[in-house]
Structure formats: C-alpha cells, structure tokens
$ cat structure32.cif   # mmCIF, C-alpha atoms
data_final
loop_
_atom_site.group_PDB
_atom_site.id
_atom_site.type_symbol
_atom_site.label_atom_id
_atom_site.label_comp_id
_atom_site.auth_asym_id
_atom_site.auth_seq_id
_atom_site.Cartn_x
_atom_site.Cartn_y
_atom_site.Cartn_z
ATOM 1 C CA MET A 121 0.000 0.000 0.000
ATOM 2 C CA SER A 122 1.413 3.386 -1.013
ATOM 3 C CA VAL A 123 2.110 6.045 1.596
ATOM 4 C CA THR A 124 1.161 9.660 0.993
ATOM 5 C CA THR A 125 3.725 12.258 1.954
ATOM 6 C CA ASP A 126 4.493 15.873 1.017
ATOM 7 C CA PRO A 127 7.449 18.193 0.265
ATOM 8 C CA ALA A 128 7.904 19.133 3.932
ATOM 9 C CA ILE A 129 8.146 15.536 5.125
ATOM 10 C CA GLU A 130 10.398 14.754 2.160
ATOM 11 C CA ILE A 131 12.841 17.422 3.359
ATOM 12 C CA VAL A 132 12.812 16.006 6.883
ATOM 13 C CA ASP A 133 13.392 12.523 5.450
ATOM 14 C CA LEU A 134 16.421 13.875 3.582
ATOM 15 C CA CYS A 135 17.799 15.344 6.812
ATOM 16 C CA ARG A 136 17.201 12.072 8.632
ATOM 17 C CA PHE A 137 19.003 10.174 5.900
ATOM 18 C CA LEU A 138 22.038 12.467 6.033
ATOM 19 C CA SER A 139 22.072 12.349 9.830
ATOM 20 C CA SER A 140 22.086 8.551 9.764
ATOM 21 C CA ILE A 141 25.358 8.335 7.819
ATOM 22 C CA THR A 142 27.902 6.444 9.877
ATOM 23 C CA VAL A 143 31.165 8.219 10.655
ATOM 24 C CA LYS A 144 34.386 6.731 11.977
ATOM 25 C CA GLN A 145 35.320 9.833 13.915
ATOM 26 C CA THR A 146 33.407 13.038 14.567
ATOM 27 C CA ASN A 147 36.351 15.107 13.340
ATOM 28 C CA GLU A 148 36.243 13.528 9.870
ATOM 29 C CA ARG A 149 35.813 16.070 7.111
ATOM 30 C CA VAL A 150 32.375 16.264 5.539
ATOM 31 C CA VAL A 151 33.739 15.511 2.067
ATOM 32 C CA ASP A 152 35.512 12.377 3.340
ATOM 33 C CA VAL A 153 32.344 11.110 4.999
ATOM 34 C CA LEU A 154 30.307 11.647 1.835
ATOM 35 C CA MET A 155 32.921 10.017 -0.392
ATOM 36 C CA ARG A 156 32.901 6.933 1.776
ATOM 37 C CA GLU A 157 29.094 6.875 1.702
ATOM 38 C CA PHE A 158 28.510 7.585 -1.998
ATOM 39 C CA GLY A 159 31.722 6.471 -3.676
ATOM 40 C CA PRO A 160 35.151 7.828 -4.595
ATOM 41 C CA ASP A 161 34.033 9.869 -7.613
ATOM 42 C CA GLN A 162 34.429 13.466 -6.435
ATOM 43 C CA SER A 163 32.499 14.881 -9.397
ATOM 44 C CA GLU A 164 29.499 12.764 -8.417
ATOM 45 C CA ILE A 165 29.875 13.799 -4.778
ATOM 46 C CA TYR A 166 29.756 17.479 -5.697
ATOM 47 C CA PHE A 167 26.820 16.825 -8.011
ATOM 48 C CA LEU A 168 24.885 15.171 -5.177
ATOM 49 C CA ILE A 169 25.754 17.995 -2.795
ATOM 50 C CA ARG A 170 24.496 20.476 -5.363
ATOM 51 C CA ARG A 171 21.282 18.498 -5.704
ATOM 52 C CA ILE A 172 20.817 18.476 -1.926
ATOM 53 C CA ARG A 173 21.336 22.229 -1.858
ATOM 54 C CA GLU A 174 18.829 22.772 -4.670
ATOM 55 C CA ARG A 175 16.191 20.835 -2.764
ATOM 56 C CA PHE A 176 16.814 22.798 0.426
ATOM 57 C CA GLU A 177 16.764 26.103 -1.467
ATOM 58 C CA HIS A 178 13.622 25.213 -3.396
ATOM 59 C CA PHE A 179 11.774 24.263 -0.239
ATOM 60 C CA SER A 180 13.016 27.366 1.561
ATOM 61 C CA GLY A 181 11.716 29.522 -1.282
ATOM 62 C CA SER A 182 8.359 27.747 -1.331
ATOM 63 C CA LEU A 183 7.761 28.788 2.277
ATOM 64 C CA ASN A 184 7.446 32.382 1.059
ATOM 65 C CA ASP A 185 4.462 31.357 -1.061
ATOM 66 C CA ILE A 186 2.459 29.812 1.763
ATOM 67 C CA ASN A 187 -0.890 31.548 2.126
ATOM 68 C CA ASP A 188 -2.772 29.443 4.634
ATOM 69 C CA PRO A 189 -5.108 31.359 6.978
ATOM 70 C CA LEU A 190 -5.124 28.349 9.317
ATOM 71 C CA LEU A 191 -1.347 28.467 9.731
ATOM 72 C CA ASP A 192 0.132 30.857 12.276
ATOM 73 C CA PRO A 193 2.830 33.114 10.730
ATOM 74 C CA GLN A 194 5.154 32.257 13.617
ATOM 75 C CA ILE A 195 5.071 28.605 12.574
ATOM 76 C CA VAL A 196 6.077 29.582 9.046
ATOM 77 C CA ASP A 197 8.915 31.717 10.437
ATOM 78 C CA LEU A 198 10.239 28.756 12.431
ATOM 79 C CA ALA A 199 10.151 26.619 9.293
ATOM 80 C CA LYS A 200 12.043 29.307 7.359
ATOM 81 C CA LYS A 201 14.786 29.450 9.994
ATOM 82 C CA ALA A 202 15.129 25.675 9.945
ATOM 83 C CA ALA A 203 15.301 25.626 6.137
ATOM 84 C CA SER A 204 18.027 28.292 6.204
ATOM 85 C CA ARG A 205 20.130 26.080 8.468
ATOM 86 C CA PHE A 206 19.657 23.173 6.079
ATOM 87 C CA VAL A 207 20.889 25.277 3.155
ATOM 88 C CA LYS A 208 23.964 26.297 5.137
ATOM 89 C CA PHE A 209 24.868 22.617 5.517
ATOM 90 C CA THR A 210 25.693 22.533 1.793
ATOM 91 C CA ASP A 211 27.939 25.611 1.720
ATOM 92 C CA LEU A 212 31.179 24.638 -0.018
ATOM 93 C CA GLN A 213 33.320 25.828 2.879
ATOM 94 C CA GLN A 214 31.539 23.317 5.094
ATOM 95 C CA LEU A 215 32.929 20.384 3.100
ATOM 96 C CA HIS A 216 36.307 20.606 4.801
ATOM 97 C CA GLN A 217 34.911 21.100 8.281
ATOM 98 C CA PRO A 218 34.443 18.282 10.834
ATOM 99 C CA TRP A 219 31.299 16.246 10.217
ATOM 100 C CA GLY A 220 30.429 16.379 13.912
ATOM 101 C CA ASN A 221 30.035 20.158 13.749
ATOM 102 C CA VAL A 222 28.415 20.539 10.330
ATOM 103 C CA SER A 223 25.914 17.699 10.697
ATOM 104 C CA LYS A 224 24.263 19.551 13.582
ATOM 105 C CA LEU A 225 22.770 21.890 10.992
ATOM 106 C CA ILE A 226 20.548 19.112 9.649
ATOM 107 C CA SER A 227 20.196 16.783 12.647
ATOM 108 C CA ASP A 228 18.438 19.028 15.163
ATOM 109 C CA PRO A 229 15.018 17.503 16.059
ATOM 110 C CA GLN A 230 13.637 20.981 16.753
ATOM 111 C CA SER A 231 14.435 22.004 13.187
ATOM 112 C CA TRP A 232 12.684 18.890 11.930
ATOM 113 C CA ALA A 233 9.657 19.733 14.063
ATOM 114 C CA GLY A 234 9.616 23.250 12.614
ATOM 115 C CA ILE A 235 9.410 21.838 9.092
ATOM 116 C CA MET A 236 6.865 19.167 9.995
ATOM 117 C CA ALA A 237 4.592 21.857 11.441
ATOM 118 C CA VAL A 238 3.832 23.072 7.900
ATOM 119 C CA SER A 239 3.373 19.558 6.519
ATOM 120 C CA SER A 240 -0.435 19.671 6.644
ATOM 121 C CA THR A 241 -0.488 22.730 4.378
ATOM 122 C CA TYR A 242 1.831 21.149 1.822
ATOM 123 C CA ARG A 243 -0.096 17.903 1.915
ATOM 124 C CA ARG A 244 -3.278 19.704 0.880
ATOM 125 C CA ILE A 245 -1.701 21.472 -2.078
ATOM 126 C CA ALA A 246 1.102 19.107 -3.167
ATOM 127 C CA PRO A 247 0.657 15.545 -1.894
ATOM 128 C CA ILE A 248 3.194 12.939 -2.994
ATOM 129 C CA SER A 249 2.850 9.170 -3.068
ATOM 130 C CA LYS A 250 5.885 7.141 -2.048
ATOM 131 C CA LEU A 251 6.609 4.159 -4.243
ATOM 132 C CA GLU A 252 6.344 0.765 -2.636
ATOM 133 C CA GLU A 253 9.652 -1.040 -2.277
ATOM 134 C CA ALA A 254 8.461 -3.755 -4.663
ATOM 135 C CA LYS A 255 7.802 -1.124 -7.359
ATOM 136 C CA VAL A 256 11.227 0.431 -6.859
ATOM 137 C CA THR A 257 12.849 -2.992 -7.164
ATOM 138 C CA GLU A 258 10.871 -3.716 -10.329
ATOM 139 C CA ILE A 259 11.866 -0.562 -12.180
ATOM 140 C CA LYS A 260 15.466 -0.975 -11.028
ATOM 141 C CA GLU A 261 15.536 -4.368 -12.737
ATOM 142 C CA TYR A 262 14.429 -2.682 -15.954
ATOM 143 C CA VAL A 263 16.655 0.391 -16.066
ATOM 144 C CA PHE A 264 19.823 -1.080 -14.555
ATOM 145 C CA SER A 265 20.078 -3.680 -17.298
ATOM 146 C CA ASP A 266 22.819 -2.865 -19.816
ATOM 147 C CA GLU A 267 20.604 -4.301 -22.547
ATOM 148 C CA ILE A 268 18.239 -1.360 -22.382
ATOM 149 C CA ILE A 269 21.029 1.090 -23.255
ATOM 150 C CA GLU A 270 22.253 -1.232 -26.018
ATOM 151 C CA HIS A 271 18.787 -1.434 -27.588
ATOM 152 C CA VAL A 272 18.304 2.330 -27.395
ATOM 153 C CA ASN A 273 21.705 3.076 -28.946
ATOM 154 C CA ALA A 274 21.132 0.475 -31.680
ATOM 155 C CA SER A 275 17.779 1.932 -32.709
ATOM 156 C CA GLU A 276 17.249 3.482 -36.139
ATOM 157 C CA ALA A 277 16.133 6.765 -34.616
ATOM 158 C CA PRO A 278 18.306 9.865 -35.152
ATOM 159 C CA ALA A 279 21.451 9.577 -33.051
ATOM 160 C CA PHE A 280 20.664 12.631 -30.951
ATOM 161 C CA LEU A 281 17.282 11.178 -29.932
ATOM 162 C CA SER A 282 18.794 7.835 -28.980
ATOM 163 C CA LYS A 283 21.433 9.614 -26.912
ATOM 164 C CA MET A 284 18.814 11.761 -25.176
ATOM 165 C CA LEU A 285 16.822 8.682 -24.181
ATOM 166 C CA ALA A 286 19.945 6.822 -23.032
ATOM 167 C CA ASP A 287 20.984 9.844 -20.947
ATOM 168 C CA SER A 288 17.556 9.979 -19.301
ATOM 169 C CA VAL A 289 17.805 6.294 -18.420
ATOM 170 C CA CYS A 290 21.224 6.971 -16.858
ATOM 171 C CA ASP A 291 19.767 9.916 -14.930
ATOM 172 C CA LEU A 292 17.027 7.645 -13.629
ATOM 173 C CA ARG A 293 19.635 5.106 -12.545
ATOM 174 C CA MET A 294 21.413 7.696 -10.418
ATOM 175 C CA MET A 295 18.145 8.906 -8.921
ATOM 176 C CA LEU A 296 17.123 5.367 -8.013
ATOM 177 C CA ARG A 297 20.492 4.806 -6.344
ATOM 178 C CA HIS A 298 19.995 7.929 -4.252
ATOM 179 C CA ILE A 299 16.233 8.271 -3.771
ATOM 180 C CA PRO A 300 16.552 10.045 -0.382
ATOM 181 C CA ILE A 301 18.709 12.737 -2.002
ATOM 182 C CA PHE A 302 16.571 13.324 -5.085
ATOM 183 C CA GLY A 303 13.178 12.659 -3.521
ATOM 184 C CA TYR A 304 10.081 11.083 -5.032
ATOM 185 C CA GLU A 305 8.807 14.298 -6.562
ATOM 186 C CA GLU A 306 11.924 14.551 -8.730
ATOM 187 C CA LEU A 307 11.352 10.990 -9.917
ATOM 188 C CA ALA A 308 7.830 11.944 -10.954
ATOM 189 C CA LYS A 309 9.099 14.969 -12.880
ATOM 190 C CA LEU A 310 11.425 12.738 -14.884
ATOM 191 C CA SER A 311 8.495 10.604 -16.067
ATOM 192 C CA SER A 312 7.238 13.045 -18.723
ATOM 193 C CA ASP A 313 10.752 13.590 -20.093
ATOM 194 C CA LEU A 314 11.387 9.852 -20.256
ATOM 195 C CA ASP A 315 8.016 9.209 -21.887
ATOM 196 C CA TRP A 316 8.501 11.815 -24.624
ATOM 197 C CA LYS A 317 11.963 10.547 -25.561
ATOM 198 C CA ASN A 318 10.860 6.912 -25.541
ATOM 199 C CA GLN A 319 7.955 7.721 -27.862
ATOM 200 C CA ALA A 320 10.226 9.775 -30.127
ATOM 201 C CA VAL A 321 12.657 6.880 -30.601
ATOM 202 C CA ALA A 322 9.740 4.482 -31.135
ATOM 203 C CA HIS A 323 8.335 6.793 -33.812
ATOM 204 C CA TYR A 324 11.463 6.400 -35.944
ATOM 205 C CA ASP A 325 12.060 2.721 -35.235
ATOM 206 C CA LYS A 326 9.036 0.425 -35.465
ATOM 207 C CA ALA A 327 11.073 -2.581 -34.353
ATOM 208 C CA TYR A 328 12.048 -0.725 -31.179
ATOM 209 C CA ALA A 329 8.435 0.381 -30.701
ATOM 210 C CA GLU A 330 7.368 -3.270 -30.599
ATOM 211 C CA SER A 331 10.286 -4.392 -28.434
ATOM 212 C CA SER A 332 9.952 -5.371 -24.795
ATOM 213 C CA TRP A 333 12.398 -2.613 -23.819
ATOM 214 C CA CYS A 334 10.211 0.139 -25.211
ATOM 215 C CA LYS A 335 7.267 -1.333 -23.318
ATOM 216 C CA LYS A 336 9.333 -1.637 -20.145
ATOM 217 C CA ILE A 337 10.263 2.042 -20.275
ATOM 218 C CA ALA A 338 6.588 2.864 -20.831
ATOM 219 C CA LYS A 339 5.751 0.838 -17.728
ATOM 220 C CA VAL A 340 8.436 2.657 -15.747
ATOM 221 C CA VAL A 341 6.856 5.948 -16.834
ATOM 222 C CA LEU A 342 3.460 4.812 -15.514
ATOM 223 C CA VAL A 343 4.987 3.846 -12.172
ATOM 224 C CA LEU A 344 6.782 7.187 -11.838
ATOM 225 C CA THR A 345 3.653 9.110 -12.822
ATOM 226 C CA SER A 346 1.739 7.400 -10.002
ATOM 227 C CA ILE A 347 3.852 9.405 -7.544
ATOM 228 C CA TYR A 348 1.685 12.411 -8.320
ATOM 229 C CA VAL A 349 -1.428 12.563 -6.159
ATOM 230 C CA VAL A 350 -4.509 14.556 -7.116
ATOM 231 C CA PRO A 351 -5.494 16.657 -4.063
ATOM 232 C CA PRO A 352 -8.837 15.577 -2.519
ATOM 233 C CA GLU A 353 -10.252 19.086 -2.999
ATOM 234 C CA LEU A 354 -9.683 18.837 -6.752
ATOM 235 C CA VAL A 355 -11.283 15.392 -6.880
ATOM 236 C CA GLU A 356 -14.344 16.663 -5.021
ATOM 237 C CA ALA A 357 -14.568 19.782 -7.181
ATOM 238 C CA THR A 358 -14.394 17.637 -10.316
ATOM 239 C CA LYS A 359 -17.255 15.482 -9.046
ATOM 240 C CA GLN A 360 -19.363 18.540 -8.273
ATOM 241 C CA TYR A 361 -18.749 20.122 -11.676
ATOM 242 C CA LYS A 362 -19.519 16.829 -13.383
ATOM 243 C CA LYS A 363 -22.791 16.545 -11.458
ATOM 244 C CA TRP A 364 -23.657 20.151 -12.267
ATOM 245 C CA TRP A 365 -22.905 19.577 -15.939
ATOM 246 C CA VAL A 366 -25.057 16.449 -16.110
ATOM 247 C CA ASP A 367 -27.973 18.096 -14.278
ATOM 248 C CA VAL A 368 -27.901 21.510 -15.901
ATOM 249 C CA LEU A 369 -26.829 20.824 -19.472
ATOM 250 C CA PRO A 370 -30.041 19.063 -20.661
ATOM 251 C CA SER A 371 -32.284 21.840 -19.350
ATOM 252 C CA LEU A 372 -29.916 24.469 -20.718
ATOM 253 C CA GLU A 373 -30.006 22.882 -24.162
ATOM 254 C CA GLN A 374 -33.806 22.679 -24.060
ATOM 255 C CA THR A 375 -34.117 26.331 -23.018
ATOM 256 C CA THR A 376 -31.757 27.449 -25.748
ATOM 257 C CA LYS A 377 -33.612 25.408 -28.344
ATOM 258 C CA THR A 378 -36.986 26.818 -27.275
ATOM 259 C CA GLU A 379 -35.761 30.403 -27.346
ATOM 260 C CA THR A 380 -34.054 30.211 -30.718
ATOM 261 C CA GLN A 381 -36.526 28.049 -32.635
ATOM 262 C CA PRO A 382 -39.251 30.716 -33.328
ATOM 263 C CA GLU A 383 -36.657 33.281 -34.278
ATOM 264 C CA THR A 384 -34.989 30.823 -36.616
ATOM 265 C CA ALA A 385 -38.285 29.879 -38.209
ATOM 266 C CA ALA A 386 -39.239 33.508 -38.752
ATOM 267 C CA SER A 387 -35.856 34.233 -40.203
ATOM 268 C CA GLU A 388 -36.121 31.294 -42.578
ATOM 269 C CA GLY A 389 -39.583 32.427 -43.678
ATOM 270 C CA LEU A 390 -38.332 35.917 -44.351
ATOM 271 C CA VAL A 391 -35.495 34.574 -46.409
ATOM 272 C CA GLU A 392 -37.905 32.564 -48.524
ATOM 273 C CA VAL A 393 -40.097 35.629 -49.124
ATOM 274 C CA ASP A 394 -37.083 37.701 -50.066
ATOM 275 C CA LYS A 395 -35.925 35.052 -52.483
ATOM 276 C CA GLY A 396 -39.310 35.080 -54.166
ATOM 277 C CA GLN A 397 -39.510 38.847 -54.406
ATOM 278 C CA GLN A 398 -35.981 39.853 -55.242
ATOM 279 C CA LEU A 399 -34.812 39.683 -58.843
ATOM 280 C CA LEU A 400 -31.604 40.786 -60.401
ATOM 281 C CA ASP A 401 -31.972 43.141 -63.319
ATOM 282 C CA GLY A 402 -29.547 43.173 -66.179
ATOM 283 C CA LEU A 403 -27.146 45.481 -64.328
ATOM 284 C CA GLY A 404 -26.965 43.201 -61.304
ATOM 285 C CA ARG A 405 -29.116 45.472 -59.153
ATOM 286 C CA ILE A 406 -31.755 44.047 -56.827
ATOM 287 C CA SER A 407 -35.259 45.029 -57.768
ATOM 288 C CA GLY A 408 -38.782 43.920 -56.991
ATOM 289 C CA PRO A 409 -41.265 42.304 -59.412
#
$ encode --input "structure32.cif" --output "structure tokens"
Amino acid sequence: MSVTTDPAIEIVDLCRFLSSITVKQTNERVVDVLMREFGPDQSEIYFLIRRIRERFEHFSGSLNDINDPLLDPQIVDLAKKAASRFVKFTDLQQLHQPWGNVSKLISDPQSWAGIMAVSSTYRRIAPISKLEEAKVTEIKEYVFSDEIIEHVNASEAPAFLSKMLADSVCDLRMMLRHIPIFGYEELAKLSSDLDWKNQAVAHYDKAYAESSWCKKIAKVVLVLTSIYVVPPELVEATKQYKKWWVDVLPSLEQTTKTETQPETAASEGLVEVDKGQQLLDGLGRISGP
C-alpha cells in the first residue's frame, strides 16, 4: 500500500538520511564522509551535494508562497529558519569542516519539528505518493540492465534522440540509487521527459516500438507518474462540476432550443419571401417584381 507524503516531510526525510550516515570519527571532514558513503568519484559527490542544496533552497523559497489562513505566521517563520540552516549545511566551505560540527545543521530535532509543522499545508496542495519497495525494485531491474542502453543506442532513430533517451535512463539510474537525495517528486518529474523521448525513438524505429524494452520504459513511466497525487479538494470539485454539468446541461439545451426556434423559423420564412420577391436586373441590381 502506497504512503502519501508531502514536500515538507520529504525534506525532513532527507535530513534524517544524512544524519544517519555512519562516521568513523566526529572530526572527519564532511567531504571524506560523503565520499565513503557515496563512492570515490568526487564529481558525483559534488553533483549530489548540489542536488541536496537545490532541494533545500527550493523548499526554503516555497515557504514564502504559503498563504494558509489556518497556519500561524510564527510557525512559518520557524520553518524558514530551519530551512536556512539546512541550506547552510551545503555551503562549499563546510565540506572541509568536521562532520560532527556541520551535521548539527541538519540533525536538530527541533528544526525537523519546525518543518513538519507546515506539513499539513503542503499535503493539501502538493501531496506525494511514495513508491512501494516492490515497485522500486521492479523498475530498477528494468533500467539497470545494460541491454536497455544497447537497444536504445542500436535503434534506427536519429542519433541525438537515442542519446537523449539513453541519458535519461542513466539519470534515472542515479536517482534510483539515491532516492533520499533526489526525492520522489523529482522521480515523478522525470516521467514526462522519459516518456517523450521513448515515444520519439519508437516513432522512428518500429522494431524498437514493438520491443519489450520500449514497453518496459513505458511501464516505468506509468509507475513514476503514479507518484503524483490529485489533491482531494480537486477530486471533489471535479465530481461537483460533473454533477452540475449532467444536471444543468439538458435543461440548458432545451431552453436554448426553445428560445431560438421561433426566431430561426421567422428568419427562414423571411429569407424565402425575399428570395421570391428579389430579382436581379440586367445590371446586377436588386429590384422587386
């Protein structure tokens, strides 16, 4: 069963994940801790740090757009202060500081509580559905296979399209390896990009379009799209408008028909009379009989 979450809880989950990283000594540099956790590739480490910062900054900025009359402004202010501390965690100068000092910026339970206090507002306007572990495992089996890249690159589609699709698959691989860092919402955003590129390659290569790999990517897209949740208010509003349309439209059509029918008939009669009376003389002028 899927679990519904929201951007605020997703940020707290990211902080919890980072706080749970095991360190050998508290005076270890932040960059050394992250390299041991995510691998020796420094370029990837800096990319992940940048992604973490972008998520913190995006959430911090979104707090300025909150307009909830049920939410006390002081609660929003506390959330903003907490988000600012999270952003500071990713400052480049922090990378060479001791992990024990820097990690306090994202491991304070009071900061987490400040963010969670605005969760109910975010859940109403931007709910997110977490993927079940079985679904994550399933799509990993699809996209982590080297065969999928081979089939995409071997397609008869223009080379730039094949490369774009292969790159998106590689992006998805990284995101699936680091779901806590990217978050489920980012996975959902990738779905439309992946879908468009998969369809574009299939358009140029009918054999690829009928292949199991094309269908597997299409299935992955459906799974990622399911992360989006339609807010209950929108569902209810849609039902109400549908009911209104069904109830009102027939009577509206009948009223319109009744009002316009006599006028139309009179107009048609007048046209017939005019046709019978009007003649064109030799100069093309309209004249009577």
$ resolve_selection --input "structure32.cif" --expression "the PyMOL selection byres ((chain A and resi 135-152) around 6)" --output "PDB file with C-alpha atoms, keeping the file's coordinate frame"
ATOM      1  CA  VAL A 132      12.812  16.006   6.883  1.00  0.00           C
ATOM      2  CA  ASP A 133      13.392  12.523   5.450  1.00  0.00           C
ATOM      3  CA  LEU A 134      16.421  13.875   3.582  1.00  0.00           C
ATOM      4  CA  VAL A 153      32.344  11.110   4.999  1.00  0.00           C
ATOM      5  CA  LEU A 154      30.307  11.647   1.835  1.00  0.00           C
ATOM      6  CA  MET A 155      32.921  10.017  -0.392  1.00  0.00           C
ATOM      7  CA  LEU A 215      32.929  20.384   3.100  1.00  0.00           C
ATOM      8  CA  HIS A 216      36.307  20.606   4.801  1.00  0.00           C
ATOM      9  CA  GLN A 217      34.911  21.100   8.281  1.00  0.00           C
ATOM     10  CA  PRO A 218      34.443  18.282  10.834  1.00  0.00           C
ATOM     11  CA  TRP A 219      31.299  16.246  10.217  1.00  0.00           C
ATOM     12  CA  GLY A 220      30.429  16.379  13.912  1.00  0.00           C
ATOM     13  CA  ILE A 226      20.548  19.112   9.649  1.00  0.00           C
ATOM     14  CA  SER A 227      20.196  16.783  12.647  1.00  0.00           C
TER      15      SER A 227
END
$ resolve_selection --input "structure32.cif" --expression "the PyMOL selection byres ((chain A and resi 316) around 12)" --output "ChimeraX atom specification"
/A:281-282,284-285,288,310-315,317-323,334,337-338,341
$ write_last_selection --input "structure32.cif" --atoms "C-alpha atoms" --output "PDB file, in the frame of the given file"
ATOM      1  CA  LEU A 281      17.282  11.178 -29.932  1.00  0.00           C
ATOM      2  CA  SER A 282      18.794   7.835 -28.980  1.00  0.00           C
ATOM      3  CA  MET A 284      18.814  11.761 -25.176  1.00  0.00           C
ATOM      4  CA  LEU A 285      16.822   8.682 -24.181  1.00  0.00           C
ATOM      5  CA  SER A 288      17.556   9.979 -19.301  1.00  0.00           C
ATOM      6  CA  LEU A 310      11.425  12.738 -14.884  1.00  0.00           C
ATOM      7  CA  SER A 311       8.495  10.604 -16.067  1.00  0.00           C
ATOM      8  CA  SER A 312       7.238  13.045 -18.723  1.00  0.00           C
ATOM      9  CA  ASP A 313      10.752  13.590 -20.093  1.00  0.00           C
ATOM     10  CA  LEU A 314      11.387   9.852 -20.256  1.00  0.00           C
ATOM     11  CA  ASP A 315       8.016   9.209 -21.887  1.00  0.00           C
ATOM     12  CA  LYS A 317      11.963  10.547 -25.561  1.00  0.00           C
ATOM     13  CA  ASN A 318      10.860   6.912 -25.541  1.00  0.00           C
ATOM     14  CA  GLN A 319       7.955   7.721 -27.862  1.00  0.00           C
ATOM     15  CA  ALA A 320      10.226   9.775 -30.127  1.00  0.00           C
ATOM     16  CA  VAL A 321      12.657   6.880 -30.601  1.00  0.00           C
ATOM     17  CA  ALA A 322       9.740   4.482 -31.135  1.00  0.00           C
ATOM     18  CA  HIS A 323       8.335   6.793 -33.812  1.00  0.00           C
ATOM     19  CA  CYS A 334      10.211   0.139 -25.211  1.00  0.00           C
ATOM     20  CA  ILE A 337      10.263   2.042 -20.275  1.00  0.00           C
ATOM     21  CA  ALA A 338       6.588   2.864 -20.831  1.00  0.00           C
ATOM     22  CA  VAL A 341       6.856   5.948 -16.834  1.00  0.00           C
TER      23      VAL A 341
END
$ resolve_selection --input "structure32.cif" --expression "the PyMOL selection byres ((chain A and resi 256-263) around 7)" --output "list in words"
Leu251, Glu252, Glu253, Ala254, Lys255, Phe264, Ser265, Ile268, Val289, Arg293, Lys336 and Val340 of chain A
$ residues_around --input "structure32.cif" --residues "A:Leu190" --least-positions-apart "3" --cutoff "12 Å" --atoms "all atoms listed in the file" --output "PyMOL selection string"
chain A and resi 186-187+193-196+237-238+240-241
$ atom_distance --input "structure32.cif" --atom1 "atom CA of A:Ile169" --atom2 "atom CA of A:Arg297"
14.6 Å
$ atom_distance --input "structure32.cif" --atom1 "atom CA of A:Asp126" --atom2 "atom CA of A:Lys208"
22.5 Å
$ atom_distance --input "structure32.cif" --atom1 "atom CA of A:Asp325" --atom2 "atom CA of A:Asp266"
19.6 Å
$ residues_near_point --input "structure32.cif" --point "(11.7, 21.9, 0.6)" --cutoff "9 Å" --atoms "all atoms listed in the file" --output "list in words"
Pro127, Ala128, Ile129, Glu130, Ile131, Val132, Glu174, Arg175, Phe176, Glu177, His178, Phe179, Ser180, Gly181, Ser182, Leu183, Ala203 and Ile235 of chain A
$ residues_around --input "structure32.cif" --residues "A:Leu168" --least-positions-apart "5" --cutoff "10 Å" --atoms "all atoms listed in the file" --output "list of chain:residue names"
A:Leu154, A:Phe158, A:Gln162, A:Ser163, A:Arg173, A:Glu174, A:Met294, A:Met295, A:His298, A:Ile301, A:Phe302
$ residues_near_point --input "structure32.cif" --point "(1.0, 6.0, -1.8)" --cutoff "9 Å" --atoms "all atoms listed in the file" --output "PDB file with C-alpha atoms, in the coordinates of the input"
ATOM      1  CA  MET A 121       0.000   0.000   0.000  1.00  0.00           C
ATOM      2  CA  SER A 122       1.413   3.386  -1.013  1.00  0.00           C
ATOM      3  CA  VAL A 123       2.110   6.045   1.596  1.00  0.00           C
ATOM      4  CA  THR A 124       1.161   9.660   0.993  1.00  0.00           C
ATOM      5  CA  THR A 125       3.725  12.258   1.954  1.00  0.00           C
ATOM      6  CA  ILE A 248       3.194  12.939  -2.994  1.00  0.00           C
ATOM      7  CA  SER A 249       2.850   9.170  -3.068  1.00  0.00           C
ATOM      8  CA  LYS A 250       5.885   7.141  -2.048  1.00  0.00           C
ATOM      9  CA  LEU A 251       6.609   4.159  -4.243  1.00  0.00           C
ATOM     10  CA  GLU A 252       6.344   0.765  -2.636  1.00  0.00           C
ATOM     11  CA  SER A 346       1.739   7.400 -10.002  1.00  0.00           C
ATOM     12  CA  ILE A 347       3.852   9.405  -7.544  1.00  0.00           C
ATOM     13  CA  VAL A 349      -1.428  12.563  -6.159  1.00  0.00           C
TER      14      VAL A 349
END
$ closest_residue --input "structure32.cif" --among "A:Tyr348, A:Tyr166, A:Tyr242, A:Tyr304" --to "A:Leu212" --atoms "all atoms listed in the file"
A:Tyr166
$ build_atoms --input "structure32.cif" --residues "stretch 130-141 of chain A" --atoms "N, CA and C atoms" --output "PDB file, in the frame of the given file"
ATOM      1  N   GLU A 130       9.293  15.204   3.002  1.00  0.00           N
ATOM      2  CA  GLU A 130      10.398  14.754   2.160  1.00  0.00           C
ATOM      3  C   GLU A 130      11.711  15.431   2.560  1.00  0.00           C
ATOM      4  N   ILE A 131      11.639  16.700   2.924  1.00  0.00           N
ATOM      5  CA  ILE A 131      12.841  17.422   3.359  1.00  0.00           C
ATOM      6  C   ILE A 131      13.338  16.866   4.690  1.00  0.00           C
ATOM      7  N   VAL A 132      12.422  16.593   5.593  1.00  0.00           N
ATOM      8  CA  VAL A 132      12.812  16.006   6.883  1.00  0.00           C
ATOM      9  C   VAL A 132      13.417  14.622   6.666  1.00  0.00           C
ATOM     10  N   ASP A 133      12.841  13.853   5.755  1.00  0.00           N
ATOM     11  CA  ASP A 133      13.392  12.523   5.450  1.00  0.00           C
ATOM     12  C   ASP A 133      14.819  12.636   4.910  1.00  0.00           C
ATOM     13  N   LEU A 134      15.071  13.655   4.101  1.00  0.00           N
ATOM     14  CA  LEU A 134      16.421  13.875   3.582  1.00  0.00           C
ATOM     15  C   LEU A 134      17.388  14.177   4.729  1.00  0.00           C
ATOM     16  N   CYS A 135      16.956  15.017   5.657  1.00  0.00           N
ATOM     17  CA  CYS A 135      17.799  15.344   6.812  1.00  0.00           C
ATOM     18  C   CYS A 135      18.058  14.105   7.670  1.00  0.00           C
ATOM     19  N   ARG A 136      17.033  13.302   7.854  1.00  0.00           N
ATOM     20  CA  ARG A 136      17.201  12.072   8.632  1.00  0.00           C
ATOM     21  C   ARG A 136      18.198  11.131   7.963  1.00  0.00           C
ATOM     22  N   PHE A 137      18.085  11.041   6.641  1.00  0.00           N
ATOM     23  CA  PHE A 137      19.003  10.174   5.900  1.00  0.00           C
ATOM     24  C   PHE A 137      20.446  10.647   6.073  1.00  0.00           C
ATOM     25  N   LEU A 138      20.682  11.933   5.898  1.00  0.00           N
ATOM     26  CA  LEU A 138      22.038  12.467   6.033  1.00  0.00           C
ATOM     27  C   LEU A 138      22.555  12.303   7.460  1.00  0.00           C
ATOM     28  N   SER A 139      21.666  12.475   8.425  1.00  0.00           N
ATOM     29  CA  SER A 139      22.072  12.349   9.830  1.00  0.00           C
ATOM     30  C   SER A 139      22.423  10.914  10.197  1.00  0.00           C
ATOM     31  N   SER A 140      21.870   9.969   9.446  1.00  0.00           N
ATOM     32  CA  SER A 140      22.086   8.551   9.764  1.00  0.00           C
ATOM     33  C   SER A 140      23.390   8.000   9.194  1.00  0.00           C
ATOM     34  N   ILE A 141      24.100   8.809   8.405  1.00  0.00           N
ATOM     35  CA  ILE A 141      25.358   8.335   7.819  1.00  0.00           C
ATOM     36  C   ILE A 141      26.363   8.041   8.931  1.00  0.00           C
TER      37      ILE A 141
END
